[in-house]
Protein chains: 2
Amino acid sequence: MAAGEVTIGVVGLGLMGGSVAVKLRKEGFLNRAVGCDINPDHGKRAVELGIVDDVVDIKRLSSESDIIVLAIPVDKAIKILPDIMKNVTESTVVLDLGSTKEKIAQAADKLPNRGQFVACHPIAGTENSGPDAAFDSLFDGKVNIICDKEKTSEIALEKTIKLFEILGMRNKFMDSKSHDRHIAYVSHLSHVSSFVLGQTVLEVEKDEASIFDMAGSGFDSTVRLAKSSPTMWAPIFTENADNLLLVLDRYIKNLNEFRTLIEERNDKELNQAMTEINVIRKVLKG
Amino acid sequence: MAAGEVTIGVVGLGLMGGSVAVKLRKEGFLNRAVGCDINPDHGKRAVELGIVDDVVDIKRLSSESDIIVLAIPVDKAIKILPDIMKNVTESTVVLDLGSTKEKIAQAADKLPNRGQFVACHPIAGTENSGPDAAFDSLFDGKVNIICDKEKTSEIALEKTIKLFEILGMRNKFMDSKSHDRHIAYVSHLSHVSSFVLGQTVLEVEKDEASIFDMAGSGFDSTVRLAKSSPTMWAPIFTENADNLLLVLDRYIKNLNEFRTLIEERNDKELNQAMTEINVIRKVLKG
């Protein structure tokens with residue numbers, strides 16, 4: 001698998017899958033990229049944009065690719081995985097890029113060629129979706145989580161590590177269960193909070209012009225994630241429901257306590273609470 | 001009040017007040033800038049940075065400035081306003097830049113020289129504070145709300161409009177009561193949601209390294225506002241409590257409903273709800 005001789009197969013020609021192909025091509029790593037997408041328009045558009053050379057069916061993609069990248073909603077990935085794993089050549093590596101890892105890792109355990117499967121999560125994204133959202137620098141300097149590496153063969157793991165390095169990422173290793181717990185805190189909760197914030201403001205602000213005019217400060221950044229793809233996010237929320245509900249309940253509890261301080265006009269304790277929260281600046285190193 | 005002949009007095013030498021002085025100086029509008037701050041280090045630093053020429057007491061600032069800019073926490077602004085209004089010359093314009101407007105407008109109504117006071121809210125900011133946070137492009141292309149313009153004299157209003165145009169802003173007009181209601185939705189709620197999100201993740205993620213590593217996507221933008229100044233934000237929340245509680249209660253109610261859909265693993269309705277929320281993309285024109 002030398003640079004320039006690799007055929008990649010991208011399942012799901014959207015933001016994530018498209019960006020992988022675009023970056024690998026830019027880095028001279030690819031001989032050929034093929035792809036498939038349940039939306040025929042996305043397939044056509046991905047060819048037009050030069051993201052992939054051809055759109056092929058999943059069977060051909062599985063048997064002709066050196067590396068297969070699954071970049072589709074997490075529920076769909078679990079469904080399609082058996083068809084892929086039974087058709088791969090013995091040197092193919094299959095990467096799943098979804099935002100929840102425990103369920104797909106469990107599914108992979110029951111399939112042939114388990115050592116050729118790698119459960120990954122490149123922590124990168126934007127609120128945009130579809131092939132037009134793909135861009136080569138999406139992954140620059142970000143972290144990729146590789147889960148349950150002991151279940152992947154050494155050679156497949158080595159190829160995977162190299163691939164994410166070419167994408168510009170730092171690899172970290174974690175078991176899939178821990179991944180899902182952490183990611184509920186730092187990503188999935190943020191998405192719930194943003195979606196519901198967007199919903200609430202849309203409900204109360206009938207006058208859309210006011211939202212736009214007054215949204216110079218704060219609202220835009222907190223509500224950015226509410227533009228994200230529902231098809232991608234609904235199954236993430238339900239697959240990771242156990243972890244997410246734990247932290248969501250805590251969020252709602254904390255909101256109620258903060259609400260009480262506001263209702264009591266308790267400047268002093270509000271100030272104290274926010275001063276403690278300001279530590280987040282140090283944690284995020286920003 | 002021709003360009004280059006104006007003395008500005010900045011009360012509160014932080015992000016907002018500092019940025020006003022820096023931008024007006026850059027545009028050649030100022031003859032002189034004086035300032036005061038309850039934190040002596042901020043005063044010294046503002047002089048070092050060239051934000052103001054001198055630090056003076058509030059009495060001198062009030063009597064020597066053509067334009068006075070109040071850029072301090074909203075509760076402090078209400079307290080200091082009487083001292084300022086009784087000491088201004090008859091051509092001075094006094095601008096308050098706070099994030100809540102109804103209470104300070106009511107306070108101003110009872111003071112001498114009401115026609116020289118203008119309740120403003122430049123909708124711009126960052127999560128940073130203090131004189132080092134000030135920068136000249138903070139206001140570029142943003143909206144400034146001028147409240148209750150009928151209570152301001154024509155000449156003071158004209159000067160104010162011109163000043164915010166020099167800052168690079170578009171002026172909009174609104175009564176102070178409507179301002180506070182709208183801003184609760186599009187700014188104050190975002191700040192509450194972000195502070196409490198930061199709090200929740202800090203509580204559950206004992207391992208700070210994990211937060212940092214996994215925070216590539218989503219968390220950083222939703223939690224950005226949790227770095228904001230507690231001294232500035234506690235009085236905003238309590239002054240605007242009535243409006244904020246209405247929308248916060250709705251937010252919590254919506255979160256609970258969204259939570260139920262997650263608990264029920266109801267992909268279909270989650271997808272439907274998020275698709276409706278996606279309209280926010282159109283509203284924000286992004």
# chains A, B, ... in the order shown; residues from 1 in each chain; ligands from 1

call {"tool": "select_by_dssp", "arguments": {"residues": "region 67-241 of chain B", "states": "strand (DSSP E or B)", "output": "JSON, numbers by chain"}}
result
{"B": [67, 68, 69, 70, 93, 94, 95, 96, 117, 118, 119, 120, 121, 122, 143, 144, 145, 146, 147, 170, 171, 172, 173, 174]}

call {"tool": "write_last_selection", "arguments": {"atoms": "C-alpha atoms", "output": "CSV table (one decimal), in the first residue's frame"}}
result
chain,number,residue,atom,x,y,z
B,67,ILE,CA,-19.2,62.2,24.8
B,68,ILE,CA,-19.4,59.9,27.8
B,69,VAL,CA,-19.5,56.2,27.2
B,70,LEU,CA,-20.7,54.0,30.1
B,93,VAL,CA,-23.9,63.2,25.2
B,94,VAL,CA,-24.0,60.3,27.7
B,95,LEU,CA,-24.2,56.8,26.1
B,96,ASP,CA,-24.9,53.6,28.1
B,117,PHE,CA,-28.8,60.5,27.7
B,118,VAL,CA,-29.0,57.7,25.1
B,119,ALA,CA,-29.7,54.1,26.0
B,120,CYS,CA,-27.7,52.0,23.5
B,121,HIS,CA,-26.7,48.4,23.0
B,122,PRO,CA,-24.0,47.7,20.5
B,143,VAL,CA,-26.0,46.2,14.8
B,144,ASN,CA,-26.4,48.9,17.5
B,145,ILE,CA,-29.8,49.3,19.1
B,146,ILE,CA,-30.8,52.8,20.2
B,147,CYS,CA,-33.6,52.7,22.7
B,170,ARG,CA,-25.8,49.9,11.7
B,171,ASN,CA,-28.3,51.7,14.0
B,172,LYS,CA,-31.7,50.2,14.8
B,173,PHE,CA,-34.3,51.7,17.0
B,174,MET,CA,-36.5,50.0,19.6

call {"tool": "residues_around", "arguments": {"residues": "Ser99 (chain B)", "least_positions_apart": "6", "cutoff": "8 Å", "atoms": "only C-alpha atoms", "output": "list in words"}}
result
Val74, His121, Ile183 and Ile236 of chain B

call {"tool": "interface_residues", "arguments": {"of": "chain B", "to": "chain A", "cutoff": "7 Å", "atoms": "only C-alpha atoms", "output": "compact mmCIF listing (two decimals) with all heavy atoms, in the first residue's frame"}}
result
# COMPACT_ATOMS: atom_id res chain seq x y z
N ILE B 123 -24.55 45.44 19.67
CA ILE B 123 -24.59 43.98 19.79
C ILE B 123 -23.29 43.42 19.24
O ILE B 123 -23.20 43.01 18.07
CB ILE B 123 -25.78 43.39 19.03
CG1 ILE B 123 -27.04 44.19 19.24
CG2 ILE B 123 -25.95 41.90 19.37
CD1 ILE B 123 -27.99 43.67 20.21
N ALA B 124 -22.30 43.43 20.09
CA ALA B 124 -20.98 42.95 19.70
C ALA B 124 -20.27 42.57 20.98
O ALA B 124 -20.54 43.12 22.03
CB ALA B 124 -20.21 44.04 18.96
N GLY B 125 -19.36 41.66 20.88
CA GLY B 125 -18.62 41.27 22.08
C GLY B 125 -17.79 40.05 21.79
O GLY B 125 -17.88 39.44 20.71
N LYS B 142 -21.71 45.23 12.71
CA LYS B 142 -22.70 44.76 13.66
C LYS B 142 -23.83 45.79 13.83
O LYS B 142 -23.76 46.90 13.31
CB LYS B 142 -22.02 44.50 15.02
CG LYS B 142 -20.84 43.53 14.96
CD LYS B 142 -21.32 42.09 14.99
CE LYS B 142 -20.19 41.10 14.74
NZ LYS B 142 -19.10 41.22 15.73
N VAL B 143 -24.83 45.39 14.61
CA VAL B 143 -26.00 46.25 14.82
C VAL B 143 -25.92 46.94 16.18
O VAL B 143 -25.56 46.31 17.18
CB VAL B 143 -27.30 45.41 14.73
CG1 VAL B 143 -28.50 46.18 15.27
CG2 VAL B 143 -27.55 44.98 13.30
N TYR B 185 -33.91 36.47 24.51
CA TYR B 185 -33.99 35.30 23.63
C TYR B 185 -32.66 35.04 22.93
O TYR B 185 -32.18 33.91 22.90
CB TYR B 185 -35.07 35.47 22.55
CG TYR B 185 -36.43 35.81 23.05
CD1 TYR B 185 -37.35 36.49 22.25
CD2 TYR B 185 -36.84 35.44 24.33
CE1 TYR B 185 -38.61 36.79 22.70
CE2 TYR B 185 -38.11 35.75 24.79
CZ TYR B 185 -38.99 36.43 23.97
OH TYR B 185 -40.23 36.74 24.41
N VAL B 186 -32.14 36.07 22.31
CA VAL B 186 -31.02 35.82 21.37
C VAL B 186 -29.64 36.00 21.99
O VAL B 186 -28.66 35.66 21.37
CB VAL B 186 -31.13 36.68 20.08
CG1 VAL B 186 -32.38 36.32 19.31
CG2 VAL B 186 -31.05 38.15 20.39
N SER B 187 -29.56 36.50 23.19
CA SER B 187 -28.23 36.61 23.80
C SER B 187 -28.17 36.04 25.21
O SER B 187 -27.35 35.20 25.51
CB SER B 187 -27.78 38.08 23.81
OG SER B 187 -26.63 38.23 24.60
N SER B 190 -28.58 32.27 25.44
CA SER B 190 -27.36 31.61 24.93
C SER B 190 -26.27 31.59 25.99
O SER B 190 -25.54 30.61 26.13
CB SER B 190 -26.82 32.35 23.70
OG SER B 190 -27.66 32.13 22.59
N HIS B 191 -26.15 32.67 26.73
CA HIS B 191 -25.12 32.73 27.77
C HIS B 191 -25.43 31.76 28.91
O HIS B 191 -24.54 31.06 29.40
CB HIS B 191 -24.93 34.17 28.27
CG HIS B 191 -24.11 35.01 27.33
ND1 HIS B 191 -24.62 35.56 26.19
CD2 HIS B 191 -22.79 35.35 27.35
CE1 HIS B 191 -23.66 36.21 25.54
NE2 HIS B 191 -22.54 36.11 26.23
N PHE B 195 -22.95 28.72 29.89
CA PHE B 195 -22.36 28.62 31.24
C PHE B 195 -22.72 27.26 31.87
O PHE B 195 -21.85 26.57 32.41
CB PHE B 195 -22.88 29.74 32.15
CG PHE B 195 -22.02 30.98 32.14
CD1 PHE B 195 -22.47 32.17 31.59
CD2 PHE B 195 -20.73 30.97 32.69
CE1 PHE B 195 -21.67 33.31 31.58
CE2 PHE B 195 -19.93 32.11 32.69
CZ PHE B 195 -20.40 33.28 32.12
N VAL B 196 -23.97 26.87 31.77
CA VAL B 196 -24.39 25.64 32.44
C VAL B 196 -23.85 24.40 31.70
O VAL B 196 -23.54 23.39 32.33
CB VAL B 196 -25.92 25.61 32.60
CG1 VAL B 196 -26.37 24.31 33.28
CG2 VAL B 196 -26.38 26.81 33.42
N LEU B 197 -23.67 24.51 30.40
CA LEU B 197 -23.03 23.43 29.66
C LEU B 197 -21.59 23.25 30.13
O LEU B 197 -21.14 22.12 30.40
CB LEU B 197 -23.05 23.75 28.17
CG LEU B 197 -22.57 22.65 27.22
CD1 LEU B 197 -23.56 21.50 27.18
CD2 LEU B 197 -22.39 23.21 25.81
N GLY B 198 -20.87 24.36 30.27
CA GLY B 198 -19.50 24.30 30.77
C GLY B 198 -19.45 23.67 32.16
O GLY B 198 -18.63 22.79 32.44
N GLN B 199 -20.35 24.12 33.01
CA GLN B 199 -20.43 23.60 34.38
C GLN B 199 -20.65 22.08 34.37
O GLN B 199 -19.96 21.33 35.06
CB GLN B 199 -21.60 24.28 35.09
CG GLN B 199 -21.87 23.76 36.49
CD GLN B 199 -23.17 24.31 37.06
OE1 GLN B 199 -24.03 24.80 36.32
NE2 GLN B 199 -23.33 24.24 38.37
N THR B 200 -21.60 21.63 33.56
CA THR B 200 -21.96 20.21 33.54
C THR B 200 -20.80 19.35 33.07
O THR B 200 -20.50 18.31 33.67
CB THR B 200 -23.19 20.01 32.62
OG1 THR B 200 -24.22 20.90 33.06
CG2 THR B 200 -23.69 18.59 32.67
N VAL B 201 -20.15 19.78 32.02
CA VAL B 201 -19.04 18.97 31.49
C VAL B 201 -17.86 18.99 32.47
O VAL B 201 -17.21 17.96 32.67
CB VAL B 201 -18.64 19.45 30.08
CG1 VAL B 201 -17.40 18.73 29.59
CG2 VAL B 201 -19.80 19.21 29.12
N GLU B 208 -9.43 16.13 32.85
CA GLU B 208 -9.45 17.33 32.01
C GLU B 208 -8.81 17.12 30.64
O GLU B 208 -9.19 17.74 29.67
CB GLU B 208 -8.75 18.48 32.73
CG GLU B 208 -9.48 18.90 33.99
CD GLU B 208 -8.92 20.18 34.58
OE1 GLU B 208 -7.93 20.68 34.07
OE2 GLU B 208 -9.51 20.65 35.57
N ILE B 211 -11.33 16.21 28.03
CA ILE B 211 -12.12 17.31 27.50
C ILE B 211 -11.34 18.00 26.40
O ILE B 211 -11.84 18.23 25.31
CB ILE B 211 -12.43 18.38 28.58
CG1 ILE B 211 -13.23 17.80 29.72
CG2 ILE B 211 -13.19 19.55 27.94
CD1 ILE B 211 -13.63 18.83 30.75
N PHE B 212 -10.10 18.29 26.69
CA PHE B 212 -9.32 19.03 25.72
C PHE B 212 -9.16 18.24 24.43
O PHE B 212 -9.41 18.74 23.34
CB PHE B 212 -7.96 19.40 26.30
CG PHE B 212 -7.08 20.09 25.32
CD1 PHE B 212 -7.45 21.34 24.81
CD2 PHE B 212 -5.94 19.49 24.85
CE1 PHE B 212 -6.66 21.96 23.87
CE2 PHE B 212 -5.15 20.12 23.91
CZ PHE B 212 -5.51 21.35 23.41
N ASP B 213 -8.78 16.99 24.55
CA ASP B 213 -8.52 16.20 23.36
C ASP B 213 -9.75 16.00 22.50
O ASP B 213 -9.65 15.94 21.29
CB ASP B 213 -8.00 14.80 23.77
CG ASP B 213 -6.54 14.88 24.18
OD1 ASP B 213 -5.90 15.90 23.89
OD2 ASP B 213 -6.06 13.92 24.80
N MET B 214 -10.88 15.84 23.15
CA MET B 214 -12.07 15.46 22.39
C MET B 214 -12.91 16.67 21.97
O MET B 214 -13.96 16.52 21.39
CB MET B 214 -12.92 14.49 23.21
CG MET B 214 -12.14 13.23 23.54
SD MET B 214 -13.10 12.04 24.48
CE MET B 214 -14.03 11.25 23.17
N ALA B 215 -12.41 17.82 22.26
CA ALA B 215 -13.23 19.01 22.04
C ALA B 215 -13.00 19.64 20.67
O ALA B 215 -13.02 20.83 20.52
CB ALA B 215 -12.98 20.02 23.15
N GLY B 216 -12.78 18.80 19.68
CA GLY B 216 -12.55 19.36 18.35
C GLY B 216 -13.82 19.84 17.70
O GLY B 216 -13.80 20.77 16.90
N SER B 217 -14.92 19.25 18.06
CA SER B 217 -16.12 19.50 17.28
C SER B 217 -17.32 19.80 18.16
O SER B 217 -17.77 18.96 18.90
CB SER B 217 -16.43 18.27 16.44
OG SER B 217 -17.64 18.43 15.79
N GLY B 218 -17.79 21.02 18.05
CA GLY B 218 -19.05 21.31 18.73
C GLY B 218 -18.88 21.92 20.10
O GLY B 218 -19.36 23.02 20.34
N PHE B 219 -18.19 21.25 20.98
CA PHE B 219 -18.12 21.73 22.35
C PHE B 219 -17.53 23.13 22.45
O PHE B 219 -18.08 23.99 23.13
CB PHE B 219 -17.27 20.75 23.18
CG PHE B 219 -17.21 21.08 24.64
CD1 PHE B 219 -18.36 21.14 25.41
CD2 PHE B 219 -16.00 21.33 25.26
CE1 PHE B 219 -18.30 21.44 26.77
CE2 PHE B 219 -15.93 21.62 26.61
CZ PHE B 219 -17.08 21.68 27.36
N SER B 221 -17.49 25.67 20.44
CA SER B 221 -18.33 26.81 20.07
C SER B 221 -19.51 26.97 21.02
O SER B 221 -19.87 28.10 21.37
CB SER B 221 -18.80 26.71 18.61
OG SER B 221 -19.77 25.72 18.44
N THR B 222 -20.09 25.86 21.48
CA THR B 222 -21.24 26.02 22.38
C THR B 222 -20.81 26.50 23.76
O THR B 222 -21.60 27.10 24.48
CB THR B 222 -22.04 24.70 22.54
OG1 THR B 222 -21.14 23.62 22.77
CG2 THR B 222 -22.87 24.41 21.32
N LEU B 225 -19.04 31.01 25.32
CA LEU B 225 -19.57 32.10 26.15
C LEU B 225 -19.39 31.84 27.65
O LEU B 225 -19.50 32.77 28.44
CB LEU B 225 -21.05 32.32 25.84
CG LEU B 225 -21.38 32.66 24.38
CD1 LEU B 225 -22.90 32.77 24.21
CD2 LEU B 225 -20.72 33.96 23.95
N ALA B 226 -19.11 30.59 28.02
CA ALA B 226 -18.88 30.26 29.44
C ALA B 226 -17.58 30.85 29.96
O ALA B 226 -17.27 30.76 31.14
CB ALA B 226 -18.91 28.74 29.64
N LYS B 227 -16.80 31.45 29.07
CA LYS B 227 -15.58 32.14 29.49
C LYS B 227 -15.87 33.61 29.84
O LYS B 227 -14.98 34.34 30.26
CB LYS B 227 -14.54 32.10 28.36
CG LYS B 227 -14.18 30.71 27.86
CD LYS B 227 -13.22 30.82 26.67
CE LYS B 227 -13.00 29.48 25.99
NZ LYS B 227 -12.26 29.66 24.71
N PRO B 230 -18.11 37.05 34.79
CA PRO B 230 -19.23 36.92 35.75
C PRO B 230 -19.69 38.27 36.29
O PRO B 230 -20.88 38.47 36.52
CB PRO B 230 -18.63 36.08 36.88
CG PRO B 230 -17.51 35.32 36.25
CD PRO B 230 -16.93 36.26 35.23
N THR B 231 -18.78 39.20 36.49
CA THR B 231 -19.14 40.53 37.02
C THR B 231 -20.05 41.27 36.06
O THR B 231 -20.91 42.05 36.45
CB THR B 231 -17.86 41.36 37.23
OG1 THR B 231 -16.88 40.52 37.85
CG2 THR B 231 -18.13 42.57 38.08
N ALA B 234 -23.67 38.47 35.78
CA ALA B 234 -24.61 38.24 36.88
C ALA B 234 -25.68 39.35 36.92
O ALA B 234 -26.88 39.04 36.95
CB ALA B 234 -23.86 38.13 38.20
N PRO B 235 -25.30 40.63 36.89
CA PRO B 235 -26.35 41.66 36.92
C PRO B 235 -27.21 41.71 35.66
O PRO B 235 -28.37 42.13 35.72
CB PRO B 235 -25.58 42.97 37.10
CG PRO B 235 -24.15 42.67 36.81
CD PRO B 235 -23.94 41.21 37.04
N PHE B 237 -28.26 39.02 34.05
CA PHE B 237 -29.26 37.96 34.27
C PHE B 237 -30.30 38.40 35.30
O PHE B 237 -31.50 38.13 35.14
CB PHE B 237 -28.58 36.68 34.76
CG PHE B 237 -27.71 36.01 33.74
CD1 PHE B 237 -26.65 35.19 34.12
CD2 PHE B 237 -27.94 36.17 32.38
CE1 PHE B 237 -25.84 34.56 33.18
CE2 PHE B 237 -27.13 35.55 31.43
CZ PHE B 237 -26.08 34.75 31.83
N THR B 238 -29.88 39.06 36.37
CA THR B 238 -30.86 39.40 37.41
C THR B 238 -31.70 40.61 36.99
O THR B 238 -32.89 40.65 37.27
CB THR B 238 -30.17 39.66 38.77
OG1 THR B 238 -29.16 40.65 38.63
CG2 THR B 238 -29.52 38.39 39.29
N ALA B 241 -34.28 39.37 34.59
CA ALA B 241 -34.80 38.09 35.08
C ALA B 241 -36.19 37.76 34.53
O ALA B 241 -36.44 36.62 34.11
CB ALA B 241 -34.80 38.05 36.60
N ARG B 250 -39.02 27.85 28.99
CA ARG B 250 -39.38 27.21 27.73
C ARG B 250 -38.24 26.31 27.22
O ARG B 250 -38.48 25.22 26.69
CB ARG B 250 -39.70 28.29 26.70
CG ARG B 250 -40.27 27.75 25.44
CD ARG B 250 -41.36 28.68 24.93
NE ARG B 250 -42.05 28.08 23.82
CZ ARG B 250 -43.17 28.56 23.32
NH1 ARG B 250 -43.74 29.62 23.86
NH2 ARG B 250 -43.74 27.98 22.29
N TYR B 251 -37.03 26.80 27.39
CA TYR B 251 -35.85 26.00 27.00
C TYR B 251 -35.79 24.70 27.79
O TYR B 251 -35.60 23.62 27.22
CB TYR B 251 -34.58 26.86 27.23
CG TYR B 251 -33.28 26.18 26.88
CD1 TYR B 251 -33.06 25.65 25.60
CD2 TYR B 251 -32.23 26.11 27.81
CE1 TYR B 251 -31.84 25.06 25.28
CE2 TYR B 251 -31.02 25.52 27.48
CZ TYR B 251 -30.83 24.99 26.22
OH TYR B 251 -29.62 24.41 25.90
N ILE B 252 -36.00 24.80 29.10
CA ILE B 252 -35.95 23.60 29.95
C ILE B 252 -37.08 22.63 29.58
O ILE B 252 -36.89 21.42 29.50
CB ILE B 252 -35.99 23.99 31.44
CG1 ILE B 252 -34.70 24.75 31.83
CG2 ILE B 252 -36.15 22.74 32.33
CD1 ILE B 252 -34.71 25.39 33.22
N ASN B 254 -38.51 22.35 26.63
CA ASN B 254 -38.15 21.74 25.35
C ASN B 254 -37.06 20.69 25.51
O ASN B 254 -37.07 19.66 24.83
CB ASN B 254 -37.70 22.82 24.36
CG ASN B 254 -38.87 23.65 23.84
OD1 ASN B 254 -40.01 23.20 23.86
ND2 ASN B 254 -38.59 24.86 23.39
N LEU B 255 -36.09 20.98 26.40
CA LEU B 255 -35.04 19.99 26.66
C LEU B 255 -35.65 18.70 27.22
O LEU B 255 -35.26 17.59 26.83
CB LEU B 255 -34.03 20.53 27.67
CG LEU B 255 -32.90 21.41 27.13
CD1 LEU B 255 -32.11 22.02 28.29
CD2 LEU B 255 -31.94 20.64 26.21
N ILE B 262 -35.31 11.00 23.10
CA ILE B 262 -34.07 10.21 23.16
C ILE B 262 -34.29 8.95 23.98
O ILE B 262 -33.90 7.85 23.59
CB ILE B 262 -32.90 11.04 23.75
CG1 ILE B 262 -32.54 12.21 22.82
CG2 ILE B 262 -31.67 10.16 23.99
CD1 ILE B 262 -31.55 13.20 23.40
N GLU B 263 -34.94 9.12 25.13
CA GLU B 263 -35.17 7.97 26.01
C GLU B 263 -36.01 6.90 25.31
O GLU B 263 -35.77 5.70 25.48
CB GLU B 263 -35.88 8.44 27.29
CG GLU B 263 -35.91 7.36 28.37
CD GLU B 263 -36.47 7.91 29.68
OE1 GLU B 263 -37.37 8.78 29.63
OE2 GLU B 263 -36.01 7.47 30.75
N ARG B 265 -35.89 6.32 22.28
CA ARG B 265 -35.17 5.95 21.05
C ARG B 265 -36.05 6.25 19.83
O ARG B 265 -36.14 5.46 18.88
CB ARG B 265 -34.79 4.47 21.04
CG ARG B 265 -33.49 4.14 21.75
CD ARG B 265 -33.56 4.25 23.25
NE ARG B 265 -32.34 3.74 23.90
CZ ARG B 265 -32.07 3.94 25.18
NH1 ARG B 265 -32.88 4.66 25.96
NH2 ARG B 265 -30.97 3.45 25.69
N ASP B 267 -36.17 7.75 16.85
CA ASP B 267 -35.41 8.35 15.75
C ASP B 267 -36.28 9.22 14.85
O ASP B 267 -35.87 10.30 14.43
CB ASP B 267 -34.80 7.25 14.87
CG ASP B 267 -33.50 6.74 15.44
OD1 ASP B 267 -32.45 7.30 15.12
OD2 ASP B 267 -33.55 5.78 16.24
N LEU B 270 -37.29 12.54 16.53
CA LEU B 270 -36.08 13.35 16.70
C LEU B 270 -35.67 13.97 15.37
O LEU B 270 -35.36 15.17 15.28
CB LEU B 270 -34.92 12.50 17.24
CG LEU B 270 -34.92 12.20 18.73
CD1 LEU B 270 -33.85 11.15 19.05
CD2 LEU B 270 -34.66 13.46 19.56
N ASN B 271 -35.69 13.14 14.35
CA ASN B 271 -35.34 13.61 13.01
C ASN B 271 -36.28 14.73 12.57
O ASN B 271 -35.84 15.78 12.09
CB ASN B 271 -35.41 12.42 12.04
CG ASN B 271 -34.74 12.72 10.72
OD1 ASN B 271 -34.97 13.77 10.13
ND2 ASN B 271 -33.90 11.81 10.24
N MET B 274 -35.57 17.98 14.58
CA MET B 274 -34.33 18.65 14.16
C MET B 274 -34.45 19.25 12.77
O MET B 274 -33.87 20.28 12.47
CB MET B 274 -33.16 17.67 14.24
CG MET B 274 -32.78 17.36 15.69
SD MET B 274 -31.23 16.45 15.84
CE MET B 274 -31.80 14.78 15.55
N THR B 275 -35.24 18.58 11.90
CA THR B 275 -35.46 19.13 10.56
C THR B 275 -36.17 20.48 10.66
O THR B 275 -35.83 21.43 9.95
CB THR B 275 -36.29 18.14 9.70
OG1 THR B 275 -35.59 16.90 9.65
CG2 THR B 275 -36.50 18.66 8.30
N ILE B 277 -35.97 22.49 13.22
CA ILE B 277 -35.02 23.43 13.84
C ILE B 277 -33.99 23.91 12.81
O ILE B 277 -33.50 25.04 12.89
CB ILE B 277 -34.31 22.78 15.05
CG1 ILE B 277 -35.33 22.41 16.13
CG2 ILE B 277 -33.26 23.72 15.63
CD1 ILE B 277 -34.82 21.43 17.18
N ASN B 278 -33.70 23.06 11.82
CA ASN B 278 -32.73 23.44 10.78
C ASN B 278 -33.08 24.75 10.08
O ASN B 278 -32.22 25.37 9.46
CB ASN B 278 -32.61 22.32 9.73
CG ASN B 278 -31.63 21.21 10.08
OD1 ASN B 278 -31.53 20.23 9.38
ND2 ASN B 278 -30.86 21.37 11.16
N ILE B 280 -33.32 27.41 11.26
CA ILE B 280 -32.46 28.43 11.85
C ILE B 280 -31.34 28.84 10.89
O ILE B 280 -30.86 29.97 10.90
CB ILE B 280 -31.88 27.94 13.21
CG1 ILE B 280 -31.49 29.11 14.10
CG2 ILE B 280 -30.72 26.97 13.03
CD1 ILE B 280 -32.60 29.69 14.88
N ARG B 281 -30.95 27.90 10.03
CA ARG B 281 -29.92 28.20 9.03
C ARG B 281 -30.37 29.33 8.10
O ARG B 281 -29.61 30.25 7.81
CB ARG B 281 -29.62 26.95 8.21
CG ARG B 281 -28.58 27.13 7.13
CD ARG B 281 -28.46 25.86 6.28
NE ARG B 281 -27.83 24.78 7.00
CZ ARG B 281 -26.52 24.55 7.01
NH1 ARG B 281 -25.70 25.36 6.36
NH2 ARG B 281 -26.02 23.54 7.68
N VAL B 283 -32.77 31.53 8.80
CA VAL B 283 -32.99 32.73 9.60
C VAL B 283 -31.67 33.47 9.82
O VAL B 283 -31.59 34.69 9.77
CB VAL B 283 -33.64 32.37 10.95
CG1 VAL B 283 -33.77 33.60 11.84
CG2 VAL B 283 -35.01 31.75 10.72
N LEU B 284 -30.63 32.72 10.10
CA LEU B 284 -29.32 33.33 10.35
C LEU B 284 -28.55 33.59 9.07
O LEU B 284 -27.41 34.02 9.10
CB LEU B 284 -28.49 32.44 11.28
CG LEU B 284 -28.96 32.36 12.73
CD1 LEU B 284 -28.11 31.36 13.49
CD2 LEU B 284 -28.89 33.72 13.41

call {"tool": "residues_around", "arguments": {"residues": "Pro112 (chain B)", "least_positions_apart": "5", "cutoff": "10 Å", "atoms": "only C-alpha atoms", "output": "PyMOL selection string"}}
result
chain B and resi 82+84-88+117

call {"tool": "residues_around", "arguments": {"residues": "Gly12 (chain B)", "least_positions_apart": "2", "cutoff": "7 Å", "atoms": "only C-alpha atoms", "output": "PyMOL selection string"}}
result
chain B and resi 10+14+17+36-37+70-72

call {"tool": "closest_residue", "arguments": {"among": "B:Gly18, B:Pro73, B:Gly28, B:Pro40", "to": "Ala3 (chain B)", "atoms": "only C-alpha atoms"}}
result
B:Gly28

call {"tool": "select_by_dssp", "arguments": {"residues": "region 104-258 of chain B", "states": "alpha helix (DSSP H)", "output": "number ranges by chain"}}
result
B: 104-109, 154-166, 176-183, 189-204, 208-214, 219-223, 230-239, 241-258

call {"tool": "closest_residue", "arguments": {"among": "B:Ala134, B:Met16, B:Val52, B:Lys23", "to": "Leu163 (chain B)", "atoms": "only C-alpha atoms"}}
result
B:Lys23

call {"tool": "residues_around", "arguments": {"residues": "Thr7 (chain A)", "least_positions_apart": "5", "cutoff": "7 Å", "atoms": "only C-alpha atoms", "output": "PyMOL selection string"}}
result
chain A and resi 30-33+65-67
